[in-house]
Amino acid sequence: MISTHLTDLSESAPADDDARTSRVDVHHHFTAPAWLDWAEAQGLVRRDRLPWWTRWDLDTALALMDRTGIRTTVMTVAMLGRIQERSKREESARVALEAAAEVAASHPTRFTFFTPVFLDDLDLSSWSLKYGLDDLGAVGVSTRTSAGGVYLGDPSHDRLLSELNDRSAVISTHPMDVPGGNADGAGVPGLPPFMCDFLMDTTRAAINLILNGVLDRYPDLTFVLPHGGGFLPYMATRLELLSDHLTPAIEPSRIRDYLHRFYFDTAGPMSPSATPTLMATVDPARILYGTDWPPTPAHIVSDISTPALDSDPAIADHQLRGINRDNALRLIPALARA
């Protein structure tokens, strides 16, 4: 049941120039309570054994948004478990998407959502594009940076990428099941995969998109890299100087061109040690505000990461307004009508 006792913000953005009160959050994980009910009834999950961030709650989400000046949130629809049967996977996606659409319809100025695509099931992805984008009004798509060790941009994804290119899709990416620190026993004991391995998975996916010519062959696609692009900004010069060792080799001058094709969200990396590198490596007009809530706890978002972003000396006022709001509105014009 959707709670409505918290009031939506005004339909129009604040008239002042302070986007701290009208942010757009492009990195928000939505595990629908209705989906959890369905998945438990199917015997796919046990709610009490799932991580804390799966306990998404509308009132808590709105309270955090109000506290941090987030006007609009773009939800990434989360589904857990390893469902193999095609019809069951579609049913799972339908339940989750309809729940996201219900939240967005009940709070049109506050929420919208990405529809998921599945790197290991292109037919299911085609269904999700039609249902999520055409029928339910999603503003873009979300995908994992890899699935089963196959990275986004692999030639096996060409049919999906072509469909997305035809729609000029905005594609929000995120790592999930990565080699290292998972059930496979790989990685460093005691080091959870989201600490380092997620960042490497994003970096590998971005480079794979470059190596496979995806950015050239599908010029109408836009990829958003989470967590400041993982390690990509930090090692951009290394990639540039050693680009002749890539297969196929890439002209060094093209590396910077490719890096400027991506968008990057602020979830996690913005700090005195990270912001200058990100700002120097990529176009600041392609940096988007992201909270990574609820995996990133609310008190970190409201008391640490967001204030640090707003007071970061490496970011000029006009750049901050872009990061907090304007860059997202330019990328996804539908957000201005939310």
# chains A, B, ... in the order shown; residues from 1 in each chain; ligands from 1
call {"tool": "residues_around", "arguments": {"residues": "Phe262 in chain A", "least_positions_apart": "2", "cutoff": "7 Å", "atoms": "only C-alpha atoms", "output": "PyMOL selection string"}}
result
chain A and resi 222-225+259-260+264
call {"tool": "residues_around", "arguments": {"residues": "range 231-236 of chain A", "least_positions_apart": "4", "cutoff": "12 Å", "atoms": "only C-alpha atoms", "output": "mmCIF file with C-alpha atoms, in the first residue's frame"}}
result
data_model
loop_
_atom_site.group_PDB
_atom_site.id
_atom_site.type_symbol
_atom_site.label_atom_id
_atom_site.label_comp_id
_atom_site.auth_asym_id
_atom_site.auth_seq_id
_atom_site.Cartn_x
_atom_site.Cartn_y
_atom_site.Cartn_z
ATOM 1 C CA MET A 195 34.508 -1.770 -1.478
ATOM 2 C CA CYS A 196 36.899 -2.444 -4.375
ATOM 3 C CA ASP A 197 35.546 -5.089 -6.726
ATOM 4 C CA PHE A 198 32.454 -3.064 -7.663
ATOM 5 C CA LEU A 199 34.708 -0.200 -8.744
ATOM 6 C CA MET A 200 36.854 -2.524 -10.831
ATOM 7 C CA ASP A 201 33.792 -4.078 -12.456
ATOM 8 C CA THR A 202 32.582 -0.624 -13.530
ATOM 9 C CA THR A 203 36.037 0.256 -14.846
ATOM 10 C CA ARG A 204 36.250 -2.962 -16.862
ATOM 11 C CA ALA A 205 32.769 -2.431 -18.319
ATOM 12 C CA ALA A 206 33.606 1.111 -19.427
ATOM 13 C CA ILE A 207 36.838 0.000 -21.088
ATOM 14 C CA ASN A 208 35.029 -2.939 -22.691
ATOM 15 C CA LEU A 225 28.824 5.055 -14.625
ATOM 16 C CA PRO A 226 28.221 4.762 -10.863
ATOM 17 C CA HIS A 227 30.564 5.640 -8.017
ATOM 18 C CA GLU A 240 45.948 6.806 -22.536
ATOM 19 C CA LEU A 241 49.719 6.300 -22.423
ATOM 20 C CA LEU A 242 49.517 2.511 -22.765
ATOM 21 C CA SER A 243 46.590 2.358 -25.196
ATOM 22 C CA PRO A 252 45.847 7.754 -27.348
ATOM 23 C CA SER A 253 44.021 10.906 -28.375
ATOM 24 C CA ARG A 254 40.762 8.963 -28.609
ATOM 25 C CA ILE A 255 40.837 7.893 -24.957
ATOM 26 C CA ARG A 256 39.903 11.350 -23.675
ATOM 27 C CA ASP A 257 37.196 11.607 -26.323
ATOM 28 C CA TYR A 258 35.694 8.351 -25.118
ATOM 29 C CA LEU A 259 35.879 9.338 -21.460
ATOM 30 C CA HIS A 260 33.887 12.449 -22.284
ATOM 31 C CA PHE A 262 30.227 8.819 -20.291
ATOM 32 C CA TYR A 263 28.274 10.353 -17.431
ATOM 33 C CA PHE A 264 29.465 9.781 -13.855
ATOM 34 C CA PRO A 269 33.766 9.222 -4.645
ATOM 35 C CA SER A 273 41.184 13.127 -2.511
ATOM 36 C CA ALA A 274 38.827 12.153 -5.326
ATOM 37 C CA THR A 275 36.937 15.212 -6.585
ATOM 38 C CA PRO A 276 39.913 16.994 -8.204
ATOM 39 C CA THR A 277 40.771 13.862 -10.209
ATOM 40 C CA LEU A 278 37.208 13.371 -11.406
ATOM 41 C CA MET A 279 36.784 17.057 -12.298
ATOM 42 C CA ALA A 280 40.107 17.145 -14.148
ATOM 43 C CA THR A 281 39.455 13.944 -16.097
ATOM 44 C CA VAL A 282 35.851 14.280 -17.249
ATOM 45 C CA ASP A 283 33.543 17.072 -18.321
#
call {"tool": "select_by_dssp", "arguments": {"residues": "range 27-219 of chain A", "states": "strand (DSSP E)", "output": "PyMOL selection string"}}
result
chain A and resi 27-30+70-77+111-116+140-144+146-147+150-151+170-174
call {"tool": "closest_residue", "arguments": {"among": "A:Ser128, A:Thr21, A:Thr31, A:Thr296", "to": "Thr76 in chain A", "atoms": "only C-alpha atoms"}}
result
A:Thr31
call {"tool": "select_by_dssp", "arguments": {"residues": "range 67-248 of chain A", "states": "alpha helix (DSSP H)", "output": "ChimeraX atom specification"}}
result
/A:67-68,86-106,122-128,158-166,197-211,214-217,236-241
call {"tool": "decode", "arguments": {"residues": "range 123-140 of chain A", "atoms": "N, CA, C and O atoms", "output": "tab-separated table (two decimals), in the first residue's frame"}}
result
chain	number	residue	atom	x	y	z
A	123	ASP	N	15.82	-11.47	-24.91
A	123	ASP	CA	14.37	-11.46	-25.14
A	123	ASP	C	13.64	-10.82	-23.96
A	123	ASP	O	12.70	-10.04	-24.15
A	124	LEU	N	14.05	-11.17	-22.76
A	124	LEU	CA	13.45	-10.55	-21.57
A	124	LEU	C	13.74	-9.05	-21.56
A	124	LEU	O	12.88	-8.24	-21.16
A	125	SER	N	14.91	-8.67	-22.01
A	125	SER	CA	15.25	-7.24	-22.09
A	125	SER	C	14.32	-6.51	-23.05
A	125	SER	O	13.85	-5.40	-22.76
A	126	SER	N	14.05	-7.11	-24.20
A	126	SER	CA	13.14	-6.49	-25.17
A	126	SER	C	11.75	-6.30	-24.57
A	126	SER	O	11.11	-5.27	-24.76
A	127	TRP	N	11.30	-7.31	-23.85
A	127	TRP	CA	10.00	-7.19	-23.16
A	127	TRP	C	10.03	-6.05	-22.15
A	127	TRP	O	9.10	-5.24	-22.09
A	128	SER	N	11.11	-5.97	-21.36
A	128	SER	CA	11.20	-4.94	-20.33
A	128	SER	C	11.25	-3.54	-20.95
A	128	SER	O	10.69	-2.59	-20.39
A	129	LEU	N	11.91	-3.40	-22.09
A	129	LEU	CA	11.94	-2.11	-22.76
A	129	LEU	C	10.54	-1.67	-23.15
A	129	LEU	O	10.14	-0.52	-22.92
A	130	LYS	N	9.80	-2.57	-23.75
A	130	LYS	CA	8.45	-2.22	-24.20
A	130	LYS	C	7.53	-1.95	-23.01
A	130	LYS	O	6.79	-0.95	-22.99
A	131	TYR	N	7.58	-2.83	-22.02
A	131	TYR	CA	6.68	-2.67	-20.88
A	131	TYR	C	7.08	-1.48	-20.01
A	131	TYR	O	6.24	-0.66	-19.63
A	132	GLY	N	8.39	-1.40	-19.69
A	132	GLY	CA	8.83	-0.35	-18.79
A	132	GLY	C	8.80	1.04	-19.41
A	132	GLY	O	8.30	1.99	-18.81
A	133	LEU	N	9.35	1.16	-20.63
A	133	LEU	CA	9.43	2.47	-21.27
A	133	LEU	C	8.10	2.87	-21.90
A	133	LEU	O	7.61	3.99	-21.67
A	134	ASP	N	7.53	1.98	-22.69
A	134	ASP	CA	6.35	2.36	-23.47
A	134	ASP	C	5.07	2.35	-22.65
A	134	ASP	O	4.24	3.26	-22.77
A	135	ASP	N	4.88	1.34	-21.83
A	135	ASP	CA	3.62	1.21	-21.11
A	135	ASP	C	3.63	1.91	-19.75
A	135	ASP	O	2.61	2.50	-19.36
A	136	LEU	N	4.75	1.86	-19.04
A	136	LEU	CA	4.77	2.38	-17.67
A	136	LEU	C	5.47	3.73	-17.53
A	136	LEU	O	5.37	4.37	-16.48
A	137	GLY	N	6.19	4.18	-18.56
A	137	GLY	CA	6.75	5.52	-18.54
A	137	GLY	C	8.11	5.67	-17.88
A	137	GLY	O	8.45	6.76	-17.39
A	138	ALA	N	8.92	4.62	-17.85
A	138	ALA	CA	10.29	4.75	-17.34
A	138	ALA	C	11.07	5.77	-18.17
A	138	ALA	O	10.77	5.99	-19.35
A	139	VAL	N	12.06	6.40	-17.55
A	139	VAL	CA	12.81	7.46	-18.22
A	139	VAL	C	14.15	6.98	-18.77
A	139	VAL	O	14.92	7.77	-19.33
A	140	GLY	N	14.45	5.72	-18.61
A	140	GLY	CA	15.71	5.16	-19.10
A	140	GLY	C	15.77	3.71	-18.68
A	140	GLY	O	14.77	3.13	-18.24
